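> Input file: query.cif. Contents: mmCIF, C-alpha atoms.
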```
data_structure
#
loop_
_atom_site.label_atom_id
_atom_site.label_comp_id
_atom_site.auth_asym_id
_atom_site.auth_seq_id
_atom_site.Cartn_x
_atom_site.Cartn_y
_atom_site.Cartn_z
CA MET A 1 0.00 0.00 0.00
CA ILE A 2 1.49 3.35 -1.02
CA LYS A 3 0.24 6.50 0.68
CA ALA A 4 -0.12 9.40 -1.77
CA VAL A 5 -0.85 12.84 -0.33
CA LEU A 6 -2.05 15.82 -2.36
CA LEU A 7 -2.21 19.35 -0.96
CA VAL A 8 -4.73 21.61 -2.70
CA PRO A 9 -4.78 25.33 -1.84
CA THR A 10 -8.21 26.65 -0.88
CA ARG A 11 -7.76 29.71 -3.13
CA ASP A 12 -6.16 30.50 -6.49
CA ASN A 13 -3.26 32.95 -6.78
CA ASN A 14 -5.73 35.85 -7.06
CA GLY A 15 -7.28 34.89 -3.72
CA LYS A 16 -10.46 33.51 -5.28
CA ALA A 17 -12.12 30.59 -3.46
CA PHE A 18 -13.40 27.58 -5.40
CA LYS A 19 -16.96 26.33 -5.80
CA PRO A 20 -18.44 23.17 -4.24
CA LYS A 21 -18.49 21.50 -7.68
CA ASP A 22 -14.68 21.97 -7.99
CA TRP A 23 -14.04 20.10 -4.72
CA ALA A 24 -16.66 17.46 -5.55
CA ALA A 25 -14.97 16.87 -8.95
CA LEU A 26 -11.58 16.37 -7.27
CA GLU A 27 -12.98 14.03 -4.64
CA ASP A 28 -14.82 11.99 -7.29
CA ARG A 29 -11.55 11.54 -9.24
CA LEU A 30 -9.64 10.47 -6.12
CA LEU A 31 -12.27 7.84 -5.27
CA GLN A 32 -10.93 5.59 -8.04
CA PHE A 33 -8.14 4.37 -5.74
CA GLY A 34 -10.52 2.51 -3.45
CA GLY A 35 -11.44 5.60 -1.49
CA VAL A 36 -10.12 8.91 -0.24
CA THR A 37 -9.57 10.58 3.09
CA ARG A 38 -9.26 14.24 4.02
CA GLY A 39 -6.89 15.44 6.69
CA PRO A 40 -6.77 18.73 8.61
CA GLU A 41 -6.00 21.88 6.64
CA VAL A 42 -2.40 23.05 6.56
CA ARG A 43 -0.91 26.50 6.11
CA GLY A 44 2.06 27.11 3.86
CA VAL A 45 4.28 29.80 2.38
CA TRP A 46 5.54 29.66 -1.20
CA ILE A 47 8.18 31.81 -2.86
CA ASP A 48 8.01 31.69 -6.64
CA ARG A 49 9.99 34.05 -8.90
CA GLY A 50 10.43 36.49 -6.05
CA LYS A 51 6.75 36.55 -5.11
CA THR A 52 5.62 35.16 -1.75
CA TYR A 53 2.32 33.27 -1.57
CA TYR A 54 0.63 32.42 1.73
CA ASP A 55 -1.94 29.69 1.40
CA LYS A 56 -4.14 27.29 3.27
CA SER A 57 -4.36 23.85 1.71
CA ARG A 58 -6.62 20.84 2.01
CA VAL A 59 -4.91 17.50 2.42
CA TYR A 60 -6.28 14.55 0.46
CA GLU A 61 -4.78 11.14 1.13
CA SER A 62 -5.10 8.16 -1.21
CA PHE A 63 -3.81 4.63 -0.78
CA LEU A 64 -2.46 3.20 -4.01
CA SER A 65 -2.47 -0.59 -4.15
CA SER A 66 0.59 -0.64 -6.44
CA TRP A 67 3.13 1.68 -8.09
CA ALA A 68 1.27 0.87 -11.32
CA ASP A 69 -1.50 3.20 -10.04
CA PHE A 70 0.94 6.08 -9.61
CA PRO A 71 0.69 7.49 -13.20
CA ARG A 72 -3.12 7.67 -12.91
CA TRP A 73 -2.84 9.47 -9.57
CA LEU A 74 -0.27 11.88 -11.03
CA GLU A 75 -2.71 12.65 -13.87
CA ILE A 76 -5.19 13.78 -11.21
CA VAL A 77 -2.51 15.99 -9.63
CA ARG A 78 -1.89 17.62 -13.04
CA TRP A 79 -5.64 18.00 -13.60
CA ALA A 80 -5.95 19.60 -10.13
CA ARG A 81 -3.07 22.02 -10.86
CA GLU A 82 -4.93 23.24 -13.97
CA HIS A 83 -8.41 23.13 -12.50
CA PHE A 84 -7.47 24.92 -9.27
CA ARG A 85 -5.36 27.44 -11.20
CA GLN A 86 -2.07 26.73 -9.42
CA GLU A 87 1.54 27.26 -10.49
CA ALA A 88 2.55 24.08 -8.68
CA MET A 89 1.13 21.38 -6.42
CA ALA A 90 2.75 19.92 -3.31
CA ILE A 91 2.60 16.14 -3.03
CA GLU A 92 4.07 13.43 -0.84
CA VAL A 93 4.26 9.83 -2.01
CA ALA A 94 5.55 7.02 0.20
CA GLY A 95 6.89 9.70 2.54
CA ILE A 96 8.83 11.59 -0.16
CA PRO A 97 7.71 15.19 -0.69
CA ASP A 98 7.81 16.81 -4.14
CA ILE A 99 6.44 19.77 -6.08
CA ILE A 100 4.67 19.17 -9.40
CA ARG A 101 4.84 22.12 -11.80
CA MET B 102 -37.76 14.62 12.58
CA LEU B 103 -35.38 14.29 9.63
CA GLU B 104 -37.37 13.56 6.48
CA THR B 105 -35.66 15.38 3.63
CA TYR B 106 -32.37 17.19 3.10
CA THR B 107 -32.15 19.87 0.41
CA LYS B 108 -28.65 20.38 -0.97
CA LEU B 109 -27.24 23.75 -1.99
CA ASP B 110 -28.14 23.07 -5.65
CA GLY B 111 -31.76 22.22 -4.73
CA THR B 112 -31.39 18.44 -5.06
CA VAL B 113 -33.55 16.78 -2.41
CA ILE B 114 -32.39 13.68 -0.54
CA ASN B 115 -35.00 11.36 0.94
CA LEU B 116 -33.96 10.66 4.54
CA MET B 117 -37.02 8.63 5.51
CA ASP B 118 -35.51 5.25 4.58
CA MET B 119 -32.12 6.12 6.10
CA PRO B 120 -30.89 3.81 8.91
CA GLU B 121 -31.33 5.30 12.39
CA GLU B 122 -27.56 5.28 12.94
CA HIS B 123 -27.11 7.45 9.83
CA LYS B 124 -29.89 9.83 10.94
CA ALA B 125 -28.25 10.18 14.36
CA PHE B 126 -24.90 11.10 12.76
CA LEU B 127 -26.54 13.61 10.42
CA GLN B 128 -28.32 15.11 13.44
CA ARG B 129 -24.98 15.47 15.26
CA CYS B 130 -23.44 17.21 12.23
CA LEU B 131 -26.48 19.51 11.93
CA GLU B 132 -26.27 20.47 15.60
CA LYS B 133 -22.57 21.25 15.25
CA TYR B 134 -23.22 23.34 12.14
CA ARG B 135 -26.10 25.22 13.78
CA ALA B 136 -23.99 25.89 16.88
CA GLY B 137 -21.53 27.73 14.61
CA ALA B 138 -18.75 25.13 14.59
CA SER B 139 -15.85 25.95 12.30
CA SER B 140 -15.59 24.14 8.98
CA GLN B 141 -12.40 22.52 10.29
CA GLU B 142 -14.25 21.08 13.29
CA LEU B 143 -17.08 19.86 11.09
CA ALA B 144 -14.64 18.38 8.53
CA GLU B 145 -12.94 16.44 11.30
CA LEU B 146 -16.29 14.88 12.21
CA VAL B 147 -17.55 14.30 8.64
CA TRP B 148 -14.31 12.56 7.55
CA SER B 149 -13.87 10.66 10.82
CA LEU B 150 -14.45 7.03 11.76
CA GLU B 151 -17.46 8.26 13.75
CA ASN B 152 -19.20 8.65 10.39
CA PRO B 153 -20.96 5.27 10.00
CA VAL B 154 -20.39 5.03 6.23
CA LEU B 155 -16.61 5.48 6.48
CA GLN B 156 -14.23 2.57 6.96
CA PRO B 157 -10.81 2.24 8.61
CA ARG B 158 -7.86 3.46 6.54
CA PRO B 159 -5.23 0.97 5.37
CA ASP B 160 -2.72 2.71 7.69
CA ASN B 161 -5.17 2.27 10.61
CA HIS B 162 -5.32 5.97 11.47
CA PRO B 163 -7.00 6.16 14.91
CA THR B 164 -9.61 8.79 14.04
CA ARG B 165 -9.75 9.52 10.30
CA GLY B 166 -11.73 7.22 8.00
CA LEU B 167 -11.70 6.30 4.34
CA VAL B 168 -14.67 7.06 2.13
CA THR B 169 -15.17 4.64 -0.76
CA ARG B 170 -17.08 5.54 -3.93
CA GLU B 171 -20.08 3.59 -2.66
CA ALA B 172 -20.01 5.47 0.68
CA TYR B 173 -19.44 8.87 -0.96
CA TYR B 174 -22.72 8.64 -2.85
CA THR B 175 -24.85 7.42 0.07
CA PRO B 176 -27.62 9.83 1.18
CA LEU B 177 -25.77 10.32 4.49
CA PHE B 178 -22.40 11.31 3.01
CA GLN B 179 -24.04 13.51 0.36
CA ALA B 180 -25.94 15.33 3.12
CA VAL B 181 -23.02 15.81 5.51
CA ARG B 182 -20.67 16.78 2.62
CA ASP B 183 -23.21 19.44 1.63
CA LEU B 184 -23.39 20.63 5.24
CA LEU B 185 -19.62 20.95 5.25
CA PHE B 186 -19.79 23.05 2.05
CA ARG B 187 -22.28 25.30 3.87
CA ALA B 188 -19.84 25.76 6.77
CA GLU B 189 -17.04 26.50 4.28
CA ILE B 190 -19.24 29.03 2.46
CA ARG B 191 -20.01 30.66 5.84
CA GLU B 192 -16.24 31.15 6.33
CA ARG B 193 -15.75 32.21 2.69
CA LEU B 194 -13.48 29.24 2.08
CA VAL B 195 -15.79 28.09 -0.70
CA GLU B 196 -17.71 30.29 -3.13
CA PRO B 197 -21.36 29.39 -3.73
CA GLU B 198 -22.79 29.02 -7.23
CA PRO B 199 -25.31 31.70 -8.27
CA GLY B 200 -28.71 30.46 -7.10
CA ASP B 201 -27.34 28.14 -4.42
CA LEU B 202 -29.72 27.82 -1.48
CA VAL B 203 -27.22 29.12 1.06
CA ASP B 204 -29.74 30.69 3.43
CA ARG B 205 -32.33 27.92 3.41
CA ASP B 206 -32.39 25.43 6.29
CA PRO B 207 -31.50 22.17 4.50
CA VAL B 208 -33.85 20.01 6.58
CA SER B 209 -36.92 22.25 6.63
CA ASP B 210 -39.69 21.21 4.26
CA GLU B 211 -43.47 21.42 3.85
CA TRP B 212 -45.85 18.68 2.79
CA VAL B 213 -48.71 19.24 0.36
CA PRO B 214 -51.48 16.96 -0.97
CA THR B 215 -50.84 15.18 -4.28
CA THR B 216 -53.60 17.25 -5.93
CA GLU B 217 -51.72 20.44 -5.03
CA ALA B 218 -48.46 18.96 -6.29
CA ALA B 219 -50.17 18.14 -9.61
CA ARG B 220 -51.56 21.69 -9.85
CA GLU B 221 -48.21 23.33 -9.01
CA LEU B 222 -46.35 21.19 -11.52
CA GLY B 223 -49.03 21.40 -14.20
CA ILE B 224 -49.15 17.62 -14.54
CA SER B 225 -51.89 15.01 -13.98
CA LEU B 226 -52.47 13.20 -10.70
CA PRO B 227 -51.37 9.83 -12.21
CA ALA B 228 -48.17 11.57 -13.35
CA VAL B 229 -47.57 12.73 -9.76
CA HIS B 230 -48.03 9.15 -8.50
CA LYS B 231 -45.67 7.87 -11.19
CA ALA B 232 -43.05 10.46 -10.15
CA ILE B 233 -43.48 9.31 -6.51
CA ASP B 234 -43.07 5.66 -7.53
CA THR B 235 -39.87 6.41 -9.46
CA GLY B 236 -38.46 8.54 -6.61
CA ARG B 237 -38.49 11.82 -8.55
CA LEU B 238 -40.96 13.23 -6.02
CA ILE B 239 -40.70 12.45 -2.31
CA ALA B 240 -43.93 11.57 -0.51
CA LYS B 241 -45.17 10.11 2.76
CA PRO B 242 -48.62 9.01 4.03
CA ALA B 243 -50.75 12.00 5.09
CA LYS B 244 -51.71 10.05 8.23
CA GLU B 245 -49.93 7.06 9.72
CA GLY B 246 -51.20 3.96 7.94
CA GLY B 247 -53.37 6.08 5.63
CA LYS B 248 -53.69 5.68 1.86
CA HIS B 249 -53.47 9.35 0.94
CA LYS B 250 -50.05 10.83 0.43
CA VAL B 251 -48.48 14.23 0.87
CA VAL B 252 -45.56 15.44 -1.22
CA SER B 253 -42.41 17.27 -0.15
CA ARG B 254 -42.55 20.85 -1.44
CA ASN B 255 -38.76 20.93 -1.83
CA SER B 256 -38.95 17.86 -4.07
CA ILE B 257 -41.66 19.63 -6.13
CA ARG B 258 -39.29 22.59 -6.61
CA SER B 259 -36.44 20.25 -7.52
CA TYR B 260 -38.70 18.33 -9.98
CA HIS B 261 -39.79 21.62 -11.54
CA ILE B 262 -36.17 22.80 -11.96
CA ASP B 263 -35.21 19.42 -13.40
CA VAL B 264 -38.08 19.47 -15.93
CA THR B 265 -37.24 23.08 -16.92
CA ARG B 266 -33.55 22.18 -17.38
CA ARG B 267 -34.49 19.16 -19.52
CA ALA B 268 -36.86 21.28 -21.61
CA ASN B 269 -34.18 23.94 -22.11
CA GLY B 270 -31.67 21.25 -23.06
CA LEU B 271 -34.11 19.81 -25.59
CA GLN B 272 -34.82 23.26 -27.01
CA ASN B 273 -31.10 24.01 -27.32
CA ALA B 274 -30.52 20.63 -28.98
CA ARG B 275 -33.34 21.36 -31.47
CA ARG B 276 -31.90 24.83 -32.18
CA GLY B 277 -28.49 23.24 -32.69
CA SER B 278 -29.79 20.63 -35.12
CA ALA B 279 -31.87 23.26 -36.98
CA GLY B 280 -28.85 25.53 -37.39
#
```
Transcribe the structure of this file into structure tokens.

Amino acid sequence: MIKAVLLVPTRDNNGKAFKPKDWAALEDRLLQFGGVTRGPEVRGVWIDRGKTYYDKSRVYESFLSSWADFPRWLEIVRWAREHFRQEAMAIEVAGIPDIIR
Amino acid sequence: MLETYTKLDGTVINLMDMPEEHKAFLQRCLEKYRAGASSQELAELVWSLENPVLQPRPDNHPTRGLVTREAYYTPLFQAVRDLLFRAEIRERLVEPEPGDLVDRDPVSDEWVPTTEAARELGISLPAVHKAIDTGRLIAKPAKEGGKHKVVSRNSIRSYHIDVTRRANGLQNARRGSAG
């Protein structure tokens, strides 16, 4: 079992919050790995090209049954980056953190 | 008494056949929401193992549960997820859609006779009964053990919106094929 964690900021870079249907669409996609769980919100600070972003993110945890599921999960991360209008997404897979741009 | 739950988008969930354990959990979430609990507090409850439709996580987390696809689309999870969206809207963490029923109590409803439902919807009485049988309208006996039924007004509104959307979709499709 491989734990895959996705952090999704609650606002885009212009400070705009998302609609219920955006979150429901993400959760529906993450359900394909046998289920999904949501952890407590986390606060973070990003510095990108000299600009500092302060954000609050939601933590979604999935449990992949095999590394063969990883590309499908990563597709969801890329979809979420576009859909939630982010420059990058923070992830952690099997305890290893990374940033997906 | 919990009989119906009306989601932000007007979709009505029938709670009358829901197991008592599920009703009790929904009631707990409602009380927390009404008491002004933060969305974080409510999220911790909704996504916890105390939620009867959630199951233990593969990593055996002591409090947080896993929601499967089957559980996600149960009436209970759909209702408590909607309640959580309401708490998040209250804190401006989520933006409502135009027309979302943000200010309406999700569990308040009124019950009207089938004849009134037929009149309001502009359909025949047999059509109302057919919609009840197929679950598109929510109804209950007017009196315990009685034959006559009363219909949820929220489900009438939802049916009306649904019919209007379908009609508009059909009209747009016709326009598209004509052009």
> Find the residues of chain A that sit at most 8 Å from chain B; for each, write down the nearest two atoms and how far apart they are in Å, to one decimal. Count all atoms listed in the file. Sort by chain, then by number going up, and give it as JSON lines.

```
{"residue": "A:Met1", "atom": "CA", "partner": "B:Pro159", "partner_atom": "CA", "distance": 7.6}
{"residue": "A:Thr10", "atom": "CA", "partner": "B:Leu194", "partner_atom": "CA", "distance": 6.6}
{"residue": "A:Arg11", "atom": "CA", "partner": "B:Leu194", "partner_atom": "CA", "distance": 7.8}
{"residue": "A:Ala17", "atom": "CA", "partner": "B:Val195", "partner_atom": "CA", "distance": 5.2}
{"residue": "A:Phe18", "atom": "CA", "partner": "B:Val195", "partner_atom": "CA", "distance": 5.3}
{"residue": "A:Lys19", "atom": "CA", "partner": "B:Glu196", "partner_atom": "CA", "distance": 4.8}
{"residue": "A:Pro20", "atom": "CA", "partner": "B:Phe186", "partner_atom": "CA", "distance": 6.4}
{"residue": "A:Asp28", "atom": "CA", "partner": "B:Arg170", "partner_atom": "CA", "distance": 7.6}
{"residue": "A:Leu31", "atom": "CA", "partner": "B:Arg170", "partner_atom": "CA", "distance": 5.5}
{"residue": "A:Gln32", "atom": "CA", "partner": "B:Arg170", "partner_atom": "CA", "distance": 7.4}
{"residue": "A:Gly34", "atom": "CA", "partner": "B:Thr169", "partner_atom": "CA", "distance": 5.8}
{"residue": "A:Gly35", "atom": "CA", "partner": "B:Thr169", "partner_atom": "CA", "distance": 3.9}
{"residue": "A:Val36", "atom": "CA", "partner": "B:Val168", "partner_atom": "CA", "distance": 5.5}
{"residue": "A:Thr37", "atom": "CA", "partner": "B:Leu167", "partner_atom": "CA", "distance": 4.9}
{"residue": "A:Arg38", "atom": "CA", "partner": "B:Trp148", "partner_atom": "CA", "distance": 6.4}
{"residue": "A:Gly39", "atom": "CA", "partner": "B:Arg165", "partner_atom": "CA", "distance": 7.5}
{"residue": "A:Pro40", "atom": "CA", "partner": "B:Gln141", "partner_atom": "CA", "distance": 7.0}
{"residue": "A:Glu41", "atom": "CA", "partner": "B:Gln141", "partner_atom": "CA", "distance": 7.4}
{"residue": "A:Phe63", "atom": "CA", "partner": "B:Pro159", "partner_atom": "CA", "distance": 7.3}
```
> So what does the PyMOL selection byres ((chain B and resi 243-248) around 12) actually pick up in this one, as a list in words?
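Applied to this file, the PyMOL selection byres ((chain B and resi 243-248) around 12) returns Glu211, Trp212, Val213, Pro214, Thr215, Ala240, Lys241, Pro242, His249, Lys250, Val251, Val252 and Ser253 of chain B.
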> Within 12 Å of (-26.7, 8.3, 12.5) (file coordinates; all atoms listed in the file), which protein or nucleic acid residues are there? I'd like them as a ChimeraX atom specification.
/B:103,116,119-131,147,151-154,176-178,180-181
> Emit the selected residues as a PDB file, keeping the file's coordinate frame, including C-alpha atoms.

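Writing the result to again02.pdb gives the following:
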```pdb
ATOM      1  CA  LEU B 103     -35.380  14.290   9.630  1.00  0.00           C
ATOM      2  CA  LEU B 116     -33.960  10.660   4.540  1.00  0.00           C
ATOM      3  CA  MET B 119     -32.120   6.120   6.100  1.00  0.00           C
ATOM      4  CA  PRO B 120     -30.890   3.810   8.910  1.00  0.00           C
ATOM      5  CA  GLU B 121     -31.330   5.300  12.390  1.00  0.00           C
ATOM      6  CA  GLU B 122     -27.560   5.280  12.940  1.00  0.00           C
ATOM      7  CA  HIS B 123     -27.110   7.450   9.830  1.00  0.00           C
ATOM      8  CA  LYS B 124     -29.890   9.830  10.940  1.00  0.00           C
ATOM      9  CA  ALA B 125     -28.250  10.180  14.360  1.00  0.00           C
ATOM     10  CA  PHE B 126     -24.900  11.100  12.760  1.00  0.00           C
ATOM     11  CA  LEU B 127     -26.540  13.610  10.420  1.00  0.00           C
ATOM     12  CA  GLN B 128     -28.320  15.110  13.440  1.00  0.00           C
ATOM     13  CA  ARG B 129     -24.980  15.470  15.260  1.00  0.00           C
ATOM     14  CA  CYS B 130     -23.440  17.210  12.230  1.00  0.00           C
ATOM     15  CA  LEU B 131     -26.480  19.510  11.930  1.00  0.00           C
ATOM     16  CA  VAL B 147     -17.550  14.300   8.640  1.00  0.00           C
ATOM     17  CA  GLU B 151     -17.460   8.260  13.750  1.00  0.00           C
ATOM     18  CA  ASN B 152     -19.200   8.650  10.390  1.00  0.00           C
ATOM     19  CA  PRO B 153     -20.960   5.270  10.000  1.00  0.00           C
ATOM     20  CA  VAL B 154     -20.390   5.030   6.230  1.00  0.00           C
ATOM     21  CA  PRO B 176     -27.620   9.830   1.180  1.00  0.00           C
ATOM     22  CA  LEU B 177     -25.770  10.320   4.490  1.00  0.00           C
ATOM     23  CA  PHE B 178     -22.400  11.310   3.010  1.00  0.00           C
ATOM     24  CA  ALA B 180     -25.940  15.330   3.120  1.00  0.00           C
ATOM     25  CA  VAL B 181     -23.020  15.810   5.510  1.00  0.00           C
TER      26      VAL B 181
END
```
> Extract, using all atoms listed in the file, all DNA, RNA and protein residues at most 6 Å from segment 254-260 of chain B, discarding same-chain residues fewer than 3 positions from it, and format them as a list in words.
Gly111, Thr112, Val113, Glu211, Trp212, Leu238, Ile239 and Asp263 of chain B
> Can you tell me, as a count of residues only, what residues are no more than 6 Å from segment 78-88 of chain A when counting all atoms listed in the file, ignoring any on the same chain fewer than 2 positions away?
5
> To one decimal place, how far is atom CA of Arg49 of chain A from atom CA of Ala94 of chain A in Å?
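Going from atom CA of Arg49 of chain A over to atom CA of Ala94 of chain A, I get 28.9 Å.
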> Might you pull out every residue within 9 Å of segment 68-74 of chain A, with all atoms listed in the file counted and same-chain residues fewer than 5 positions away left off, and present them as a count of residues only?
7
